$ cat my_file.txt   # compact mmCIF, C-alpha atoms and all ligand atoms
# COMPACT_ATOMS: atom_id res chain seq x y z
CA VAL D 1 -15.33 4.45 -3.87
CA ILE D 2 -17.21 2.53 -6.53
CA ARG D 3 -19.41 -0.32 -5.26
CA PRO D 4 -17.74 -3.74 -5.35
CA PRO D 5 -18.61 -6.18 -8.13
CA ALA D 6 -19.83 -8.73 -5.57
CA THR D 7 -21.35 -9.07 -2.13
CA VAL D 8 -20.07 -11.22 0.70
CA GLY D 9 -21.77 -14.61 0.74
CA MET D 10 -22.78 -14.63 -2.91
CA SER D 11 -21.91 -17.55 -5.14
CA ALA D 12 -18.73 -16.97 -7.14
CA LYS D 13 -20.66 -17.49 -10.36
CA ASP D 14 -22.67 -14.34 -9.61
CA ILE D 15 -19.68 -12.00 -9.32
CA ASP D 16 -20.05 -9.13 -11.77
CA THR D 17 -17.28 -8.89 -14.34
CA PRO D 18 -14.61 -7.96 -15.01
CA ALA D 19 -13.50 -8.48 -11.42
CA LEU D 20 -10.23 -9.12 -9.68
CA VAL D 21 -10.64 -12.38 -7.79
CA VAL D 22 -8.37 -13.76 -5.09
CA GLU D 23 -8.66 -17.48 -4.44
CA LEU D 24 -8.07 -17.50 -0.72
CA ASP D 25 -6.86 -21.08 -0.23
CA ALA D 26 -4.03 -20.64 -2.74
CA PHE D 27 -3.31 -17.10 -1.51
CA GLU D 28 -3.01 -18.25 2.11
CA ARG D 29 -0.78 -21.18 1.12
CA ASN D 30 1.52 -18.69 -0.64
CA LEU D 31 1.65 -16.46 2.46
CA HIS D 32 2.48 -19.37 4.77
CA LYS D 33 5.01 -20.83 2.38
CA MET D 34 7.03 -17.62 2.14
CA GLN D 35 6.89 -17.00 5.88
CA ALA D 36 8.10 -20.55 6.53
CA ALA D 37 10.90 -20.17 3.96
CA VAL D 38 12.32 -16.98 5.50
CA GLY D 39 11.69 -18.23 9.03
CA SER D 40 13.76 -21.35 8.40
CA LYS D 41 16.75 -19.15 7.57
CA ASN D 42 16.18 -16.56 10.29
CA ILE D 43 15.64 -13.85 7.74
CA GLN D 44 13.01 -11.17 8.08
CA LEU D 45 10.26 -10.73 5.56
CA ARG D 46 9.25 -7.24 4.53
CA PRO D 47 6.87 -7.94 1.67
CA HIS D 48 6.46 -5.30 -1.00
CA SER D 49 2.98 -3.83 -0.71
CA LYS D 50 3.05 -2.41 -4.23
CA THR D 51 1.85 -5.86 -5.33
CA HIS D 52 -1.45 -5.71 -3.47
CA LYS D 53 -1.83 -2.07 -2.33
CA SER D 54 -4.12 -3.46 0.33
CA THR D 55 -3.95 -2.75 4.04
CA ASP D 56 -6.00 -5.92 4.65
CA ILE D 57 -3.29 -8.02 3.03
CA ALA D 58 -0.45 -6.11 4.72
CA ARG D 59 -2.02 -6.79 8.12
CA ARG D 60 -2.33 -10.50 7.29
CA GLN D 61 1.33 -10.68 6.24
CA ILE D 62 2.38 -8.99 9.47
CA SER D 63 0.19 -11.22 11.60
CA LEU D 64 2.03 -14.21 10.10
CA GLY D 65 5.44 -12.76 11.02
CA ALA D 66 6.42 -10.11 8.46
CA VAL D 67 8.30 -7.26 10.13
CA GLY D 68 6.36 -4.61 8.20
CA VAL D 69 6.06 -3.75 4.52
CA CYS D 70 7.91 -2.01 1.73
CA CYS D 71 6.27 0.69 -0.29
CA GLN D 72 7.38 2.31 -3.48
CA LYS D 73 5.70 5.69 -3.04
CA THR D 74 5.18 8.19 -0.25
CA SER D 75 1.40 8.12 -0.63
CA GLU D 76 1.43 4.31 -0.46
CA ALA D 77 3.42 4.52 2.76
CA GLU D 78 0.91 7.00 4.21
CA ILE D 79 -1.98 4.69 3.41
CA MET D 80 -0.22 1.68 4.93
CA VAL D 81 0.46 3.59 8.17
CA GLU D 82 -3.14 4.84 8.17
CA GLY D 83 -4.22 1.19 7.83
CA GLY D 84 -2.27 0.16 10.92
CA VAL D 85 1.15 -0.84 9.57
CA GLN D 86 3.75 0.27 12.08
CA ASP D 87 6.96 -0.38 10.15
CA VAL D 88 7.38 0.83 6.59
CA LEU D 89 10.37 1.00 4.29
CA ILE D 90 10.03 3.20 1.25
CA ALA D 91 12.24 0.99 -0.89
CA ASN D 92 12.82 3.81 -3.28
CA GLU D 93 14.26 7.30 -3.62
CA VAL D 94 12.05 10.24 -2.67
CA VAL D 95 12.72 13.63 -4.23
CA GLY D 96 11.01 17.01 -3.84
CA GLU D 97 10.58 19.19 -0.77
CA GLY D 98 6.92 18.41 -0.16
CA LYS D 99 7.35 14.65 -0.39
CA VAL D 100 10.52 14.61 1.70
CA GLN D 101 8.67 16.50 4.43
CA ARG D 102 5.74 14.06 4.25
CA VAL D 103 8.12 11.15 4.77
CA ALA D 104 9.66 12.91 7.77
CA ASP D 105 6.20 13.71 9.16
CA LEU D 106 5.12 10.09 8.70
CA ALA D 107 8.08 9.01 10.84
CA LYS D 108 6.29 10.64 13.80
CA ARG D 109 3.51 8.09 13.45
CA ALA D 110 5.36 4.87 12.63
CA LYS D 111 8.81 3.39 12.12
CA VAL D 112 9.72 4.73 8.70
CA ALA D 113 12.77 4.15 6.56
CA VAL D 114 13.72 5.43 3.13
CA CYS D 115 16.43 4.85 0.52
CA VAL D 116 18.85 7.42 -0.87
CA ASP D 117 21.45 7.40 -3.61
CA ARG D 118 22.70 10.99 -3.46
CA ASP D 119 24.39 13.19 -0.87
CA GLU D 120 21.82 15.98 -1.23
CA SER D 121 19.02 13.63 -0.11
CA VAL D 122 20.74 13.16 3.25
CA ARG D 123 20.73 16.92 3.81
CA GLU D 124 17.11 17.18 2.65
CA PHE D 125 15.87 14.38 4.94
CA GLU D 126 17.87 15.75 7.88
CA ALA D 127 16.31 19.18 7.47
CA ALA D 128 12.81 17.72 7.11
CA ALA D 129 13.20 15.37 10.09
CA ALA D 130 14.53 18.24 12.22
CA LYS D 131 11.48 20.28 11.23
CA SER D 132 9.05 17.55 12.23
CA SER D 133 11.16 16.39 15.22
CA SER D 134 11.20 12.85 13.93
CA THR D 135 13.86 10.19 13.49
CA LEU D 136 14.20 8.57 10.12
CA ARG D 137 16.06 5.38 9.21
CA VAL D 138 17.94 5.90 5.97
CA LEU D 139 19.39 3.15 3.80
CA VAL D 140 21.81 3.66 0.96
CA GLU D 141 20.77 1.97 -2.26
CA LEU D 142 23.55 0.16 -4.09
CA ASN D 143 23.18 -0.68 -7.77
CA VAL D 144 23.73 -4.44 -7.91
CA GLY D 145 22.92 -4.92 -11.58
CA ALA D 146 19.42 -3.60 -12.15
CA ASN D 147 20.88 -0.31 -13.41
CA ARG D 148 17.95 1.66 -12.05
CA CYS D 149 18.51 3.65 -8.87
CA GLY D 150 21.46 3.18 -6.56
CA VAL D 151 25.05 4.33 -6.24
CA GLU D 152 27.73 2.51 -8.16
CA SER D 153 30.47 1.76 -5.67
CA PRO D 154 31.13 0.71 -2.07
CA ALA D 155 33.02 4.00 -1.64
CA ASP D 156 29.85 5.92 -2.57
CA VAL D 157 27.88 3.92 0.00
CA LEU D 158 30.48 4.65 2.66
CA ARG D 159 30.50 8.38 1.95
CA ILE D 160 26.69 8.65 2.12
CA ALA D 161 26.43 6.31 5.12
CA ARG D 162 28.91 8.45 7.04
CA SER D 163 26.89 11.54 6.34
CA ILE D 164 23.67 9.80 7.46
CA ALA D 165 25.31 8.59 10.66
CA ALA D 166 26.56 12.11 11.37
CA SER D 167 23.05 13.61 11.01
CA GLY D 168 21.16 14.34 14.19
CA HIS D 169 17.75 13.11 13.07
CA LEU D 170 18.78 10.24 10.80
CA SER D 171 20.10 6.77 11.53
CA PHE D 172 22.02 4.65 9.07
CA GLY D 173 19.78 1.66 8.41
CA GLY D 174 21.93 -0.37 6.04
CA ILE D 175 21.99 -1.18 2.34
CA GLN D 176 19.23 -1.77 -0.16
CA ALA D 177 20.53 -4.11 -2.85
CA TYR D 178 17.57 -5.15 -4.97
CA HIS D 179 18.30 -6.71 -8.34
CA GLY D 180 15.10 -6.12 -10.31
CA GLY D 181 16.70 -7.22 -13.56
CA ALA D 182 17.36 -10.70 -12.19
CA GLN D 183 13.79 -11.52 -11.20
CA HIS D 184 12.56 -12.70 -14.58
CA ILE D 185 15.72 -14.22 -15.96
CA ARG D 186 14.25 -17.53 -17.07
CA ALA D 187 17.15 -19.97 -16.58
CA TYR D 188 18.06 -20.72 -12.99
CA VAL D 189 21.82 -20.73 -13.65
CA ASP D 190 21.62 -17.26 -15.16
CA ARG D 191 19.56 -15.93 -12.24
CA GLU D 192 22.06 -17.53 -9.90
CA ALA D 193 24.97 -15.83 -11.67
CA ALA D 194 23.24 -12.44 -11.56
CA ILE D 195 22.56 -12.70 -7.82
CA ALA D 196 26.10 -13.98 -7.19
CA ARG D 197 27.41 -10.76 -8.73
CA ALA D 198 25.03 -8.74 -6.54
CA VAL D 199 26.19 -10.62 -3.45
CA ARG D 200 29.83 -9.88 -4.26
CA GLY D 201 29.04 -6.16 -4.42
CA VAL D 202 27.17 -6.30 -1.12
CA LYS D 203 29.96 -8.22 0.62
CA GLU D 204 32.56 -5.74 -0.53
CA THR D 205 30.40 -2.84 0.63
CA ARG D 206 29.68 -4.36 4.02
CA ALA D 207 33.36 -5.02 4.58
CA LEU D 208 34.26 -1.43 3.73
CA LEU D 209 31.59 -0.11 6.09
CA ALA D 210 32.76 -2.39 8.89
CA ALA D 211 36.39 -1.38 8.36
CA ASN D 212 35.26 2.20 8.87
CA GLY D 213 33.30 1.50 12.02
CA LEU D 214 29.87 1.59 10.43
CA PRO D 215 27.96 -1.62 11.18
CA CYS D 216 25.39 -2.51 8.55
CA GLU D 217 22.34 -3.70 10.47
CA CYS D 218 20.31 -4.56 7.39
CA VAL D 219 20.85 -5.72 3.82
CA THR D 220 17.47 -5.68 2.16
CA GLY D 221 16.37 -6.71 -1.32
CA ALA D 222 15.23 -9.80 -3.24
CA GLY D 223 12.05 -10.50 -5.14
CA THR D 224 9.92 -13.54 -5.83
CA GLY D 225 12.21 -14.68 -8.65
CA SER D 226 15.43 -14.75 -6.67
CA PHE D 227 14.80 -14.64 -2.92
CA GLN D 228 16.14 -18.15 -2.26
CA LEU D 229 19.48 -17.08 -3.70
CA GLU D 230 19.72 -13.94 -1.56
CA MET D 231 18.64 -15.96 1.48
CA ALA D 232 21.45 -18.45 0.85
CA SER D 233 24.02 -15.69 0.38
CA GLY D 234 24.73 -15.13 4.04
CA VAL D 235 24.61 -11.35 3.60
CA TYR D 236 20.98 -10.43 2.97
CA ASN D 237 18.88 -10.47 6.12
CA GLU D 238 15.65 -9.02 4.75
CA VAL D 239 13.51 -10.17 1.81
CA GLN D 240 11.26 -7.71 -0.05
CA ALA D 241 9.36 -10.11 -2.32
CA GLY D 242 5.87 -9.03 -3.27
CA SER D 243 4.43 -11.04 -6.16
CA TYR D 244 4.64 -14.43 -4.39
CA ILE D 245 1.23 -13.81 -2.85
CA PHE D 246 -0.57 -13.76 -6.23
CA MET D 247 1.94 -14.86 -8.87
CA ASP D 248 1.30 -14.12 -12.53
CA ARG D 249 1.95 -15.56 -15.95
CA ASP D 250 5.31 -13.86 -16.33
CA TYR D 251 6.67 -15.29 -13.08
CA ARG D 252 5.38 -18.78 -13.81
CA LEU D 253 7.56 -18.81 -16.94
CA ASN D 254 10.75 -18.77 -14.82
CA ARG D 255 12.55 -22.12 -14.59
CA ASP D 256 13.80 -23.76 -11.42
CA ALA D 257 17.13 -25.51 -10.85
CA ALA D 258 15.75 -28.67 -12.45
CA GLY D 259 14.72 -26.76 -15.59
CA LYS D 260 10.99 -27.00 -14.77
CA PHE D 261 8.61 -24.04 -14.59
CA ILE D 262 8.77 -22.73 -11.03
CA SER D 263 6.08 -24.11 -8.79
CA ASP D 264 6.85 -22.80 -5.30
CA PHE D 265 3.87 -20.44 -5.35
CA GLU D 266 0.43 -20.80 -6.93
CA ASN D 267 -1.60 -18.42 -9.04
CA SER D 268 -4.13 -16.99 -6.64
CA LEU D 269 -5.14 -13.87 -8.57
CA PHE D 270 -7.49 -14.00 -11.52
CA ILE D 271 -9.45 -11.62 -13.68
CA LEU D 272 -12.93 -13.01 -13.87
CA THR D 273 -14.46 -12.13 -17.24
CA THR D 274 -17.62 -12.84 -19.19
CA ILE D 275 -17.69 -13.96 -22.80
CA MET D 276 -19.57 -11.07 -24.41
CA SER D 277 -19.36 -12.01 -28.08
CA HIS D 278 -18.66 -15.11 -30.14
CA ALA D 279 -19.70 -13.82 -33.55
CA THR D 280 -17.72 -16.43 -35.52
CA PRO D 281 -16.43 -19.83 -34.38
CA GLU D 282 -12.90 -18.37 -34.25
CA ARG D 283 -13.54 -15.00 -32.64
CA MET D 284 -14.41 -14.94 -28.97
CA VAL D 285 -14.39 -11.73 -26.97
CA VAL D 286 -14.32 -11.29 -23.19
CA ASP D 287 -15.40 -8.12 -21.40
CA ALA D 288 -11.93 -7.29 -20.03
CA GLY D 289 -9.26 -5.34 -21.84
CA LEU D 290 -6.53 -2.84 -21.12
CA LYS D 291 -8.57 -1.25 -18.33
CA SER D 292 -8.76 -4.57 -16.49
CA PHE D 293 -5.31 -6.09 -16.97
CA SER D 294 -1.81 -4.84 -17.72
CA VAL D 295 -0.01 -6.13 -20.79
CA ASP D 296 3.52 -4.88 -20.07
CA SER D 297 4.69 -8.42 -19.33
CA GLY D 298 2.55 -10.19 -21.89
CA MET D 299 -1.09 -11.04 -22.36
CA PRO D 300 -3.16 -12.86 -19.76
CA GLU D 301 -3.61 -16.60 -20.06
CA LEU D 302 -6.86 -18.55 -19.77
CA ALA D 303 -6.58 -20.15 -16.34
CA ASP D 304 -8.32 -23.34 -17.37
CA HIS D 305 -6.61 -23.64 -20.76
CA PRO D 306 -2.88 -23.38 -20.12
CA GLY D 307 -1.02 -21.86 -23.04
CA TRP D 308 -4.07 -20.09 -24.47
CA THR D 309 -3.78 -16.35 -24.15
CA VAL D 310 -5.78 -13.26 -24.97
CA GLU D 311 -4.59 -12.44 -28.48
CA ARG D 312 -5.45 -8.78 -28.65
CA ALA D 313 -6.73 -6.28 -26.12
CA SER D 314 -8.46 -2.96 -26.57
CA ASP D 315 -9.81 -0.79 -23.76
CA GLU D 316 -12.73 -3.01 -22.80
CA HIS D 317 -12.36 -6.04 -25.03
CA GLY D 318 -10.10 -9.08 -24.96
CA LEU D 319 -10.01 -11.14 -28.12
CA ILE D 320 -9.37 -14.86 -27.85
CA ASP D 321 -8.58 -16.52 -31.15
CA LEU D 322 -10.06 -20.00 -31.30
CA SER D 323 -8.74 -20.91 -34.78
CA ASN D 324 -7.32 -24.43 -34.72
CA ARG D 325 -8.54 -24.95 -31.18
CA VAL D 326 -11.09 -27.46 -30.03
CA ALA D 327 -13.30 -25.55 -27.67
CA SER D 328 -16.87 -24.90 -26.87
CA PHE D 329 -17.71 -21.67 -25.14
CA THR D 330 -20.99 -19.82 -24.93
CA VAL D 331 -21.78 -16.14 -24.65
CA GLY D 332 -22.47 -15.27 -21.01
CA GLU D 333 -20.10 -17.91 -19.68
CA LYS D 334 -17.49 -16.68 -17.20
CA ILE D 335 -13.84 -17.48 -17.60
CA ARG D 336 -10.79 -16.73 -15.44
CA LEU D 337 -7.66 -15.10 -16.79
CA VAL D 338 -4.22 -15.20 -15.17
CA PRO D 339 -2.73 -11.71 -15.49
CA GLY D 340 0.62 -11.26 -17.22
CA HIS D 341 1.86 -9.00 -14.40
CA CYS D 342 0.04 -8.86 -11.08
CA ASP D 343 1.17 -5.46 -9.66
CA PRO D 344 -0.06 -3.09 -12.38
CA THR D 345 -3.17 -5.24 -12.88
CA VAL D 346 -4.18 -4.79 -9.24
CA ASN D 347 -3.77 -1.03 -9.59
CA LEU D 348 -6.52 -1.04 -12.24
CA HIS D 349 -9.15 -2.27 -9.78
CA ASP D 350 -10.89 -0.89 -6.71
CA TRP D 351 -11.72 -4.23 -5.12
CA LEU D 352 -10.20 -7.61 -4.49
CA VAL D 353 -13.04 -10.12 -4.43
CA CYS D 354 -11.94 -12.96 -2.16
CA VAL D 355 -13.36 -16.39 -2.86
CA ARG D 356 -13.28 -19.70 -1.03
CA ASP D 357 -15.18 -22.85 -1.99
CA ASP D 358 -17.01 -20.93 -4.72
CA ARG D 359 -18.38 -18.33 -2.29
CA VAL D 360 -17.36 -14.71 -1.85
CA GLU D 361 -15.84 -14.63 1.62
CA SER D 362 -14.57 -11.05 1.78
CA LEU D 363 -14.13 -7.86 -0.18
CA TRP D 364 -10.89 -5.97 0.28
CA PRO D 365 -10.48 -2.47 -1.12
CA VAL D 366 -7.32 -1.81 -3.11
CA SER D 367 -6.63 0.88 -0.53
CA ALA D 368 -3.58 2.40 -2.22
CA ARG D 369 -4.95 2.19 -5.74
CA GLY D 370 -3.66 5.19 -7.67
CA ALA D 371 -1.27 6.08 -4.85
CA VAL D 372 1.60 6.70 -7.23
CA PHE D 373 2.66 10.11 -5.92
C1 LIG R 401 12.62 -2.38 -4.64
C2 LIG R 401 11.80 -3.58 -4.88
N1 LIG R 401 11.78 -4.56 -3.96
C3 LIG R 401 11.04 -5.67 -4.11
C4 LIG R 401 10.23 -5.86 -5.22
C5 LIG R 401 9.34 -7.08 -5.25
O1 LIG R 401 9.53 -7.91 -6.28
P1 LIG R 401 8.49 -9.03 -6.71
O2 LIG R 401 7.13 -8.44 -6.79
O3 LIG R 401 9.01 -9.37 -8.04
O4 LIG R 401 8.57 -10.10 -5.71
C6 LIG R 401 10.23 -4.88 -6.23
C7 LIG R 401 9.44 -5.08 -7.44
O5 LIG R 401 9.60 -4.50 -8.47
C8 LIG R 401 11.02 -3.71 -6.05
O6 LIG R 401 11.04 -2.73 -6.96

$ encode --input "my_file.txt" --output "structure tokens" --more "lines below"
Ligand SMILES: Cc1ncc(COP(=O)(O)O)c(C=O)c1O
Amino acid sequence: VIRPPATVGMSAKDIDTPALVVELDAFERNLHKMQAAVGSKNIQLRPHSKTHKSTDIARRQISLGAVGVCCQKTSEAEIMVEGGVQDVLIANEVVGEGKVQRVADLAKRAKVAVCVDRDESVREFEAAAAKSSSTLRVLVELNVGANRCGVESPADVLRIARSIAASGHLSFGGIQAYHGGAQHIRAYVDREAAIARAVRGVKETRALLAANGLPCECVTGAGTGSFQLEMASGVYNEVQAGSYIFMDRDYRLNRDAAGKFISDFENSLFILTTIMSHATPERMVVDAGLKSFSVDSGMPELADHPGWTVERASDEHGLIDLSNRVASFTVGEKIRLVPGHCDPTVNLHDWLVCVRDDRVESLWPVSARGAVF
């Protein structure tokens, strides 16, 4: 692994750049706030580890009360288990003989669950679990509006759930009903309507399962943009939110019920950059570009100049246009950017540099960086 861009104890101003910086006070407040929110409703938190890809952070979340973590990929799940996480849900479909076997093998070492949305997957997981003598919890994913993975109807869920329950090495774990498309709907009323539709689908499905003697122990889903709505629904009993720990520019553009930008969680993740060129009064360039931040959800914003964003990014350059702006920056100065989208930004870095009171307190490896297989 590449050496970190900082050492523990050093002053934050000496961190090499570009670096991914976690401001620990804000980060810890976010962790506590989410745990308190789910705790008050008796709902379990299974944070999505694809946000941080860090076993250090997963262990902290669990020590505060999270039941375990979600992963998106088999290799991520393996790294989380290796790092001491004992309860992992692969909140995703897994396809291919080798991967299916790895999931079944992993279930020998920890409590492992996986999602399916096809009948063949049940047969594949049963064969793999039999081979490794493991027991696997299997959830059926229901499409509740994201139109990504997931079966379309309660009848599909029932058919697959029956086949899981009838398999010797599998147990029916419930329903995954995650509405990814709702997370960044800006207006609260529209998010509310989207989740209300999802909840109707889940209720119908649960009722059908119950009528057929299949209790649904878990309804899991929800992200940072909508979790309060799922929690209030009376049907979801597990929250999978991930981004709340760091937040990002895209999430902060969501509006709350009062029409204000959401403020439940704070930005705790920044890309620390150095101004490397200021060749004209208008053109300022920082040393971070596409290899340091993702732009799929918009450009990063200057943390200390709300509303100012990186205008253009190339591999290693970020251009900030200062035309019509009153500003005085100097080459060599360090500035913090708020990423547009935290998850893919984290995956571009090897280290999370954790800072408190302007000192580097810890260095956490992005343990599952690149674990996309
Ligand atoms: C299945 C699933 N669950 C939970 C999440 C977490 O959502 P967020 O990071 O927006 O809180 C995601 C994110 O894409 C997801 O795909």

$ residues_around --input "my_file.txt" --residues "D:Arg59" --least-positions-apart "6" --cutoff "12 Å" --atoms "all atoms listed in the file" --output "PDB file with C-alpha atoms, in the frame of the given file"
ATOM      1  CA  LEU D  31       1.650 -16.460   2.460  1.00  0.00           C
ATOM      2  CA  ARG D  46       9.250  -7.240   4.530  1.00  0.00           C
ATOM      3  CA  PRO D  47       6.870  -7.940   1.670  1.00  0.00           C
ATOM      4  CA  SER D  49       2.980  -3.830  -0.710  1.00  0.00           C
ATOM      5  CA  HIS D  52      -1.450  -5.710  -3.470  1.00  0.00           C
ATOM      6  CA  LYS D  53      -1.830  -2.070  -2.330  1.00  0.00           C
ATOM      7  CA  GLY D  65       5.440 -12.760  11.020  1.00  0.00           C
ATOM      8  CA  ALA D  66       6.420 -10.110   8.460  1.00  0.00           C
ATOM      9  CA  VAL D  67       8.300  -7.260  10.130  1.00  0.00           C
ATOM     10  CA  GLY D  68       6.360  -4.610   8.200  1.00  0.00           C
ATOM     11  CA  VAL D  69       6.060  -3.750   4.520  1.00  0.00           C
ATOM     12  CA  MET D  80      -0.220   1.680   4.930  1.00  0.00           C
ATOM     13  CA  VAL D  81       0.460   3.590   8.170  1.00  0.00           C
ATOM     14  CA  GLU D  82      -3.140   4.840   8.170  1.00  0.00           C
ATOM     15  CA  GLY D  83      -4.220   1.190   7.830  1.00  0.00           C
ATOM     16  CA  GLY D  84      -2.270   0.160  10.920  1.00  0.00           C
ATOM     17  CA  VAL D  85       1.150  -0.840   9.570  1.00  0.00           C
ATOM     18  CA  GLN D  86       3.750   0.270  12.080  1.00  0.00           C
ATOM     19  CA  ASP D  87       6.960  -0.380  10.150  1.00  0.00           C
ATOM     20  CA  TRP D 364     -10.890  -5.970   0.280  1.00  0.00           C
TER      21      TRP D 364
END

$ closest_atom_pairs --input "my_file.txt" --of "chain D" --to "ligand LIG 401 (chain R)" --cutoff "7 Å" --atoms "all atoms listed in the file" --output "Markdown table"
| residue | atom | partner | partner_atom | distance |
| --- | --- | --- | --- | --- |
| D:His48 | CA | R:LIG401 | C5 | 5.4 |
| D:Thr51 | CA | R:LIG401 | O2 | 6.1 |
| D:Ala91 | CA | R:LIG401 | C1 | 5.1 |
| D:Asn92 | CA | R:LIG401 | C1 | 6.3 |
| D:Tyr178 | CA | R:LIG401 | C1 | 5.7 |
| D:Gly180 | CA | R:LIG401 | O5 | 6.0 |
| D:Gln183 | CA | R:LIG401 | O3 | 6.1 |
| D:Gly221 | CA | R:LIG401 | N1 | 5.7 |
| D:Ala222 | CA | R:LIG401 | C3 | 5.9 |
| D:Gly223 | CA | R:LIG401 | O4 | 3.5 |
| D:Thr224 | CA | R:LIG401 | O4 | 3.7 |
| D:Gly225 | CA | R:LIG401 | O3 | 6.2 |
| D:Gln240 | CA | R:LIG401 | C3 | 4.5 |
| D:Ala241 | CA | R:LIG401 | O4 | 3.5 |
| D:Gly242 | CA | R:LIG401 | O2 | 3.8 |
| D:Ser243 | CA | R:LIG401 | O2 | 3.8 |
| D:Tyr244 | CA | R:LIG401 | O4 | 6.0 |

$ residues_around --input "my_file.txt" --residues "D:Ala177" --least-positions-apart "6" --cutoff "10 Å" --atoms "only C-alpha atoms" --output "list of chain:residue names"
D:Ala91, D:Leu139, D:Val140, D:Glu141, D:Leu142, D:Asn143, D:Val144, D:Gly145, D:Ala146, D:Gly150, D:Ala198, D:Val199, D:Gly201, D:Val202, D:Val219, D:Thr220, D:Gly221, D:Ala222, D:Glu230, D:Tyr236

$ atom_distance --input "my_file.txt" --atom1 "atom CA of D:Asp296" --atom2 "atom CA of D:Tyr251"
12.9 Å

$ residues_around --input "my_file.txt" --residues "D:Thr7" --least-positions-apart "4" --cutoff "8 Å" --atoms "all atoms listed in the file" --output "PDB file with C-alpha atoms, in the frame of the given file"
ATOM      1  CA  ILE D  15     -19.680 -12.000  -9.320  1.00  0.00           C
ATOM      2  CA  VAL D 360     -17.360 -14.710  -1.850  1.00  0.00           C
ATOM      3  CA  LEU D 363     -14.130  -7.860  -0.180  1.00  0.00           C
TER       4      LEU D 363
END

$ closest_residue --input "my_file.txt" --among "D:Cys115, D:Ala161, D:Leu352, D:Leu106" --to "D:Ser134" --atoms "all atoms listed in the file"
D:Leu106

$ residues_around --input "my_file.txt" --residues "D:Cys216" --least-positions-apart "2" --cutoff "8 Å" --atoms "only C-alpha atoms" --output "PyMOL selection string"
chain D and resi 172-175+206+209-210+214+218-219

$ residues_around --input "my_file.txt" --residues "D:Thr274" --least-positions-apart "5" --cutoff "10 Å" --atoms "only C-alpha atoms" --output "PyMOL selection string"
chain D and resi 16-19+285-288+330-336

$ closest_residue --input "my_file.txt" --among "D:Leu158, D:Ile164, D:Ala110, D:Ile2" --to "D:Gly213" --atoms "all atoms listed in the file"
D:Leu158

$ closest_residue --input "my_file.txt" --among "D:Ala371, D:Val189, D:Val22, D:Met231" --to "D:Ile271" --atoms "all atoms listed in the file"
D:Val22

$ closest_residue --input "my_file.txt" --among "D:Ala129, D:Ser121, D:Thr309, D:Lys50" --to "D:Ile90" --atoms "only C-alpha atoms"
D:Lys50

$ atom_distance --input "my_file.txt" --atom1 "atom CA of D:Gly289" --atom2 "atom CA of D:Glu266"
23.6 Å

$ closest_residue --input "my_file.txt" --among "D:Asp343, D:Asp350, D:Asp256, D:Glu238" --to "D:Gly39" --atoms "all atoms listed in the file"
D:Glu238

$ atom_distance --input "my_file.txt" --atom1 "atom CA of D:Ile62" --atom2 "atom CA of D:Glu192"
28.9 Å
